[in-house]
$ cat work.cif   # mmCIF, C-alpha atoms
data_start
loop_
_atom_site.label_atom_id
_atom_site.label_comp_id
_atom_site.auth_asym_id
_atom_site.auth_seq_id
_atom_site.Cartn_x
_atom_site.Cartn_y
_atom_site.Cartn_z
CA MET A 1 -6.67 -3.69 14.18
CA GLY A 2 -8.92 -3.31 11.15
CA LEU A 3 -6.28 -3.67 8.41
CA TYR A 4 -3.25 -5.96 8.43
CA ILE A 5 -0.47 -6.03 5.85
CA GLU A 6 2.80 -8.00 5.99
CA ALA A 7 5.76 -8.21 3.63
CA ARG A 8 8.92 -10.26 3.99
CA ILE A 9 11.93 -8.20 2.91
CA ARG A 10 15.48 -9.51 2.54
CA THR A 11 17.40 -6.54 3.85
CA ASP A 12 19.28 -5.14 6.81
CA LEU A 13 17.14 -4.08 9.77
CA ASP A 14 18.81 -0.66 10.01
CA ASP A 15 18.19 0.02 6.32
CA LEU A 16 14.52 -0.90 6.64
CA TRP A 17 14.19 1.27 9.74
CA ALA A 18 15.72 4.25 7.94
CA ARG A 19 13.52 3.90 4.83
CA THR A 20 10.38 3.78 6.96
CA GLN A 21 11.18 6.21 9.78
CA GLU A 22 12.78 9.08 7.87
CA PRO A 23 9.98 11.21 6.37
CA ALA A 24 11.88 12.11 3.18
CA GLN A 25 12.32 8.42 2.38
CA HIS A 26 8.94 7.26 3.69
CA GLN A 27 6.95 9.58 1.44
CA ARG A 28 8.80 8.27 -1.62
CA TRP A 29 7.46 4.71 -1.41
CA ASP A 30 4.17 5.05 0.48
CA LEU A 31 1.32 5.66 -1.95
CA ARG A 32 -0.91 6.93 0.85
CA PHE A 33 1.13 10.09 1.49
CA THR A 34 2.38 12.92 -0.69
CA GLU A 35 4.23 14.77 2.08
CA ILE A 36 5.31 14.01 5.65
CA THR A 37 6.82 16.77 7.80
CA LEU A 38 8.12 16.46 11.34
CA LEU A 39 6.96 19.15 13.75
CA PRO A 40 9.06 20.68 16.54
CA ARG A 41 9.01 18.78 19.81
CA ALA A 42 10.49 18.90 23.29
CA GLU A 43 13.16 16.35 24.14
CA GLY A 44 11.73 13.13 25.54
CA THR A 45 8.24 13.63 24.09
CA PRO A 46 6.59 11.73 21.22
CA GLN A 47 7.25 13.01 17.72
CA ARG A 48 4.47 15.02 16.12
CA PHE A 49 4.14 15.25 12.35
CA ARG A 50 1.99 16.64 9.59
CA TYR A 51 0.95 14.52 6.63
CA ALA A 52 -0.69 15.45 3.35
CA THR A 53 -2.20 13.46 0.49
CA ARG A 54 -2.83 15.01 -2.92
CA VAL A 55 -6.16 13.52 -4.00
CA LEU A 56 -6.49 15.68 -7.11
CA PRO A 57 -4.16 18.28 -8.67
CA PHE A 58 -6.15 21.01 -6.90
CA LEU A 59 -7.12 19.11 -3.73
CA THR A 60 -4.78 18.14 -0.89
CA ILE A 61 -6.06 16.59 2.33
CA ALA A 62 -3.85 17.06 5.38
CA GLY A 63 -3.79 15.88 8.96
CA THR A 64 -1.54 15.58 11.98
CA GLY A 65 -0.20 12.69 13.96
CA VAL A 66 2.00 11.64 16.85
CA SER A 67 4.40 8.70 16.82
CA ALA A 68 6.93 6.89 18.99
CA GLY A 69 9.33 4.05 18.35
CA GLU A 70 11.17 1.30 20.18
CA ARG A 71 14.40 0.71 18.32
CA GLU A 72 15.92 -1.73 20.81
CA ARG A 73 13.71 -4.45 22.27
CA PRO A 74 14.80 -7.51 24.30
CA ASP A 75 13.53 -9.93 21.63
CA GLY A 76 15.47 -8.23 18.82
CA THR A 77 12.39 -6.75 17.16
CA ARG A 78 11.52 -3.09 16.67
CA THR A 79 8.19 -1.32 16.91
CA SER A 80 6.72 2.06 16.10
CA ALA A 81 3.21 3.29 16.84
CA LEU A 82 1.18 6.30 15.85
CA ARG A 83 -2.13 8.07 16.22
CA PHE A 84 -3.43 10.42 13.55
CA SER A 85 -6.39 12.62 12.70
CA SER A 86 -7.55 14.91 9.92
CA PRO A 87 -9.86 17.91 10.46
CA HIS A 88 -10.36 18.34 6.71
CA PRO A 89 -14.12 18.15 5.98
CA LEU A 90 -13.52 16.16 2.77
CA SER A 91 -11.43 13.54 4.53
CA LEU A 92 -13.43 10.35 5.10
CA LEU A 93 -10.82 9.38 7.67
CA ALA A 94 -11.48 11.27 10.91
CA GLU A 95 -8.95 9.69 13.28
CA GLY A 96 -7.12 6.44 13.75
CA SER A 97 -4.12 4.58 15.10
CA GLY A 98 -1.68 1.91 14.00
CA TYR A 99 1.72 0.33 14.39
CA TRP A 100 4.66 -1.09 12.47
CA ARG A 101 6.60 -4.14 13.60
CA TYR A 102 10.03 -5.21 12.38
CA VAL A 103 10.61 -8.91 13.08
CA PRO A 104 13.94 -10.51 12.03
CA ASP A 105 13.26 -13.82 10.29
CA GLY A 106 16.23 -15.77 8.92
CA ASP A 107 17.81 -13.80 6.10
CA GLY A 108 15.01 -11.23 6.02
CA ILE A 109 12.64 -9.06 8.01
CA ARG A 110 8.92 -9.52 8.51
CA PHE A 111 7.69 -5.95 8.12
CA LEU A 112 4.06 -5.72 9.16
CA THR A 113 1.44 -3.16 10.03
CA GLY A 114 -1.94 -3.12 11.69
CA TYR A 115 -4.13 -0.04 11.75
CA ASP A 116 -7.70 1.10 12.04
CA TYR A 117 -9.57 4.38 11.89
CA ARG A 118 -12.97 5.99 12.42
CA PRO A 119 -14.70 7.29 9.30
CA ARG A 120 -16.84 10.42 9.31
CA TRP A 121 -20.02 11.36 7.39
CA GLY A 122 -22.30 9.10 9.44
CA ALA A 123 -24.05 6.15 7.81
CA PHE A 124 -22.98 7.19 4.31
CA GLY A 125 -19.35 7.36 5.41
CA ALA A 126 -19.53 3.93 7.05
CA LEU A 127 -20.96 2.43 3.86
CA ALA A 128 -18.43 4.18 1.60
CA ASP A 129 -15.62 3.07 3.88
CA ARG A 130 -16.70 -0.56 3.94
CA TRP A 131 -17.14 -0.99 0.20
CA VAL A 132 -14.67 1.51 -1.31
CA PHE A 133 -12.23 3.33 0.94
CA ARG A 134 -11.11 0.51 3.25
CA PRO A 135 -10.40 -1.98 0.43
CA LEU A 136 -8.55 0.80 -1.40
CA MET A 137 -6.47 1.61 1.68
CA GLY A 138 -5.60 -2.05 2.15
CA TRP A 139 -4.53 -2.36 -1.49
CA ALA A 140 -2.51 0.89 -1.37
CA THR A 141 -0.68 -0.23 1.78
CA ALA A 142 0.18 -3.65 0.36
CA TRP A 143 1.26 -2.18 -3.00
CA SER A 144 3.46 0.33 -1.17
CA PHE A 145 5.05 -2.39 0.97
CA ASP A 146 5.99 -4.31 -2.16
CA ARG A 147 7.40 -1.14 -3.74
CA LEU A 148 9.52 -0.71 -0.60
CA ARG A 149 10.67 -4.33 -0.92
CA LEU A 150 11.82 -3.77 -4.52
CA TRP A 151 13.76 -0.70 -3.42
CA LEU A 152 15.58 -2.52 -0.63
CA GLU A 153 16.10 -5.89 -2.30
CA ARG A 154 16.76 -4.93 -5.92
CA GLY A 155 17.62 -1.24 -5.86
CA ILE A 156 14.56 -0.30 -7.95
CA THR A 157 13.73 3.21 -6.82
CA PRO A 158 10.11 3.99 -5.89
CA GLU A 159 9.86 6.34 -8.87
CA ARG A 160 11.10 3.65 -11.27
CA ALA A 161 8.78 1.08 -9.71
CA LEU A 162 5.80 3.37 -10.30
CA TRP A 163 6.69 3.76 -13.97
CA ASN A 164 7.12 -0.03 -14.29
CA TRP A 165 3.65 -0.51 -12.82
CA LEU A 166 2.05 2.09 -15.10
CA ALA A 167 3.75 0.64 -18.19
CA GLU A 168 2.66 -2.91 -17.38
CA LEU A 169 -0.86 -1.70 -16.63
CA ALA A 170 -0.97 0.07 -20.00
CA VAL A 171 0.22 -3.05 -21.86
CA ARG A 172 -2.40 -5.19 -20.15
CA ALA A 173 -5.12 -2.65 -21.00
CA VAL A 174 -4.06 -2.60 -24.67
CA VAL A 175 -4.11 -6.42 -24.84
CA VAL A 176 -7.64 -6.51 -23.39
CA ALA A 177 -8.85 -3.77 -25.76
CA VAL A 178 -7.37 -5.49 -28.84
CA ALA A 179 -8.75 -8.87 -27.76
CA VAL A 180 -12.25 -7.49 -27.22
CA THR A 181 -12.11 -5.83 -30.65
CA GLY A 182 -10.90 -9.11 -32.14
CA LEU A 183 -13.89 -10.95 -30.69
CA GLY A 184 -16.16 -8.60 -32.60
CA LEU A 185 -14.21 -9.16 -35.84
CA GLY A 186 -14.45 -12.91 -35.34
CA SER A 187 -18.23 -12.72 -35.56
CA ALA A 188 -17.94 -10.91 -38.90
CA LEU A 189 -15.55 -13.55 -40.32
CA ARG A 190 -18.19 -16.26 -40.02
CA LEU A 191 -20.03 -14.63 -42.90
CA LEU A 192 -17.07 -14.80 -45.32
CA GLY A 193 -16.93 -18.53 -46.13
CA PRO A 194 -15.87 -21.89 -44.61
CA PHE A 195 -12.18 -21.06 -44.11
CA ALA A 196 -12.93 -17.70 -42.57
CA ALA A 197 -15.57 -19.33 -40.38
CA SER A 198 -13.10 -21.93 -39.03
CA THR A 199 -10.67 -19.14 -38.27
CA ALA A 200 -13.45 -17.22 -36.58
CA TYR A 201 -14.11 -20.09 -34.17
CA LEU A 202 -10.40 -20.44 -33.32
CA CYS A 203 -9.81 -16.73 -32.76
CA PRO A 204 -12.17 -16.36 -29.78
CA LEU A 205 -10.29 -19.09 -27.92
CA LEU A 206 -6.95 -17.41 -28.50
CA LEU A 207 -8.34 -14.01 -27.65
CA ALA A 208 -9.95 -15.35 -24.47
CA VAL A 209 -6.56 -16.74 -23.43
CA ALA A 210 -4.97 -13.34 -24.11
CA ILE A 211 -7.59 -11.61 -21.94
CA CYS A 212 -7.04 -14.08 -19.09
CA LEU A 213 -3.28 -13.57 -19.23
CA ALA A 214 -3.68 -9.78 -19.27
CA LEU A 215 -6.02 -9.84 -16.29
CA PHE A 216 -4.61 -12.58 -14.09
CA LYS A 217 -0.95 -13.24 -14.94
CA GLU A 218 1.49 -12.58 -12.10
CA PRO A 219 3.04 -9.10 -12.46
CA LEU A 220 6.64 -8.84 -13.61
CA SER A 221 9.26 -9.19 -10.90
CA CYS A 222 10.23 -5.51 -11.28
CA THR A 223 6.64 -4.33 -10.83
CA PRO A 224 5.13 -3.77 -7.37
CA ALA A 225 2.06 -5.86 -6.62
CA ALA A 226 -0.22 -5.88 -3.58
CA ARG A 227 -0.90 -9.59 -4.06
CA ARG A 228 2.63 -10.43 -2.90
CA CYS A 229 1.82 -9.25 0.64
CA LEU A 230 0.04 -11.15 3.36
CA ARG A 231 -3.33 -9.55 4.12
CA THR A 232 -4.45 -11.60 7.12
CA PRO A 233 -2.34 -12.26 10.25
CA PRO A 234 -0.97 -15.82 10.54
CA THR A 235 -1.69 -15.75 14.29
CA ARG A 236 -3.69 -13.57 16.62
CA VAL A 237 -2.07 -10.16 16.91
CA ARG A 238 -2.35 -7.36 19.43
CA ALA A 239 -1.45 -3.72 19.16
CA PRO A 240 1.81 -2.93 21.01
CA ARG A 241 1.64 -1.38 24.47
CA LEU A 242 3.53 1.58 23.06
CA LEU A 243 0.35 2.64 21.27
CA SER A 244 -1.50 3.14 24.55
CA THR A 245 1.06 5.77 25.64
CA LEU A 246 0.17 8.09 22.76
CA GLU A 247 -2.54 10.72 22.96
CA ASN A 248 -4.75 11.56 20.03
CA PRO A 249 -3.35 14.54 18.09
CA ARG A 250 -5.50 17.65 17.86
#
$ encode --input "work.cif" --output "structure tokens"
Amino acid sequence: MGLYIEARIRTDLDDLWARTQEPAQHQRWDLRFTEITLLPRAEGTPQRFRYATRVLPFLTIAGTGVSAGERERPDGTRTSALRFSSPHPLSLLAEGSGYWRYVPDGDGIRFLTGYDYRPRWGAFGALADRWVFRPLMGWATAWSFDRLRLWLERGITPERALWNWLAELAVRAVVVAVAVTGLGLGSALRLLGPFAASTAYLCPLLLAVAICLALFKEPLSCTPAARRCLRTPPTRVRAPRLLSTLENPR
């Protein structure tokens, strides 16, 4: 699959399954979706659903999908697979497929996903996908997985986690802005005499340290961060056979 994301979550398998399989809970933590709605289905057939993502206050891109899950497997793991497509002309994502795996591991669960999709808009779409959309999707998936982890492990709701992230992002931005302004003031101090000049040479070092901390310091433990997730598979992975049983939604 094109994208791979893995998070290790210390939680109960049933709780993780519920938070990821129930649409009302799934849409709370997954940054990629604004709304997920199950569609009517006949008994014994795969579940169809509608998803929507609000890109701008006045623009929502929607699509449909079909999914199936294996809740009881001989090896103790669980799997769900899906295929999805969007007919919206402004959606770069035309159609795709993916899976989730739930792998018990000691006192936690390895929750991992692999998915890929076909972009539209020809050569321009392929270029935009490679350099912008695909990296953004990978980051959004990993960030969402860590937000889910905080919810299950520490009881930090997805809404609270989002506010924590925005607040920390704002603080870091203010630190960078103040430090950059301070670098400019340091140049002016060199003209005010020997003492001011010595201070001016010390200030850039301190301000540079502040900028580095703001940009690269590990996020707070209550803030979701994509960097906490594994982005490449530790071993060769294959899509589950369940995925091959699903037809593309239309």
$ resolve_selection --input "work.cif" --expression "the PyMOL selection byres ((chain A and resi 49) around 6)" --output "mmCIF file with C-alpha atoms, in the coordinates of the input"
data_model
loop_
_atom_site.group_PDB
_atom_site.id
_atom_site.type_symbol
_atom_site.label_atom_id
_atom_site.label_comp_id
_atom_site.auth_asym_id
_atom_site.auth_seq_id
_atom_site.Cartn_x
_atom_site.Cartn_y
_atom_site.Cartn_z
ATOM 1 C CA THR A 37 6.820 16.770 7.800
ATOM 2 C CA LEU A 38 8.120 16.460 11.340
ATOM 3 C CA LEU A 39 6.960 19.150 13.750
ATOM 4 C CA ARG A 48 4.470 15.020 16.120
ATOM 5 C CA ARG A 50 1.990 16.640 9.590
ATOM 6 C CA THR A 64 -1.540 15.580 11.980
ATOM 7 C CA GLY A 65 -0.200 12.690 13.960
#
$ closest_residue --input "work.cif" --among "A:Pro135, A:Pro240, A:Pro249, A:Gly155" --to "Trp100 (chain A)" --atoms "all atoms listed in the file"
A:Pro240
$ closest_atom_pairs --input "work.cif" --of "region 118-190 of chain A" --to "region 214-230 of chain A" --cutoff "7 Å" --atoms "all atoms listed in the file" --output "JSON lines"
{"residue": "A:Trp139", "atom": "CA", "partner": "A:Ala226", "partner_atom": "CA", "distance": 5.9}
{"residue": "A:Ala142", "atom": "CA", "partner": "A:Ala226", "partner_atom": "CA", "distance": 4.5}
{"residue": "A:Trp143", "atom": "CA", "partner": "A:Ala226", "partner_atom": "CA", "distance": 4.0}
{"residue": "A:Asp146", "atom": "CA", "partner": "A:Pro224", "partner_atom": "CA", "distance": 5.3}
{"residue": "A:Arg147", "atom": "CA", "partner": "A:Pro224", "partner_atom": "CA", "distance": 5.0}
{"residue": "A:Ala161", "atom": "CA", "partner": "A:Thr223", "partner_atom": "CA", "distance": 5.9}
{"residue": "A:Asn164", "atom": "CA", "partner": "A:Thr223", "partner_atom": "CA", "distance": 5.5}
{"residue": "A:Trp165", "atom": "CA", "partner": "A:Thr223", "partner_atom": "CA", "distance": 5.2}
{"residue": "A:Arg172", "atom": "CA", "partner": "A:Ala214", "partner_atom": "CA", "distance": 4.8}
{"residue": "A:Val175", "atom": "CA", "partner": "A:Ala214", "partner_atom": "CA", "distance": 6.5}
{"residue": "A:Val176", "atom": "CA", "partner": "A:Ala214", "partner_atom": "CA", "distance": 6.6}
$ resolve_selection --input "work.cif" --expression "the PyMOL selection byres ((chain A and resi 87-94) around 6)" --output "MDAnalysis selection string"
chainID A and resid 85:86 95 118:120
$ closest_residue --input "work.cif" --among "A:Phe33, A:Tyr115, A:Tyr102, A:Trp17" --to "Ala239 (chain A)" --atoms "all atoms listed in the file"
A:Tyr115
$ closest_residue --input "work.cif" --among "A:Tyr99, A:Phe58, A:Trp29, A:Phe84" --to "Arg241 (chain A)" --atoms "all atoms listed in the file"
A:Tyr99
$ residues_around --input "work.cif" --residues "region 71-80 of chain A" --least-positions-apart "6" --cutoff "12 Å" --atoms "all atoms listed in the file" --output "JSON, numbers by chain"
{"A": [13, 14, 16, 17, 18, 20, 21, 46, 47, 97, 98, 99, 100, 101, 102, 103, 104, 105, 109, 110, 111, 112, 113, 114, 115, 239, 240, 241, 242, 243, 244, 245, 246]}
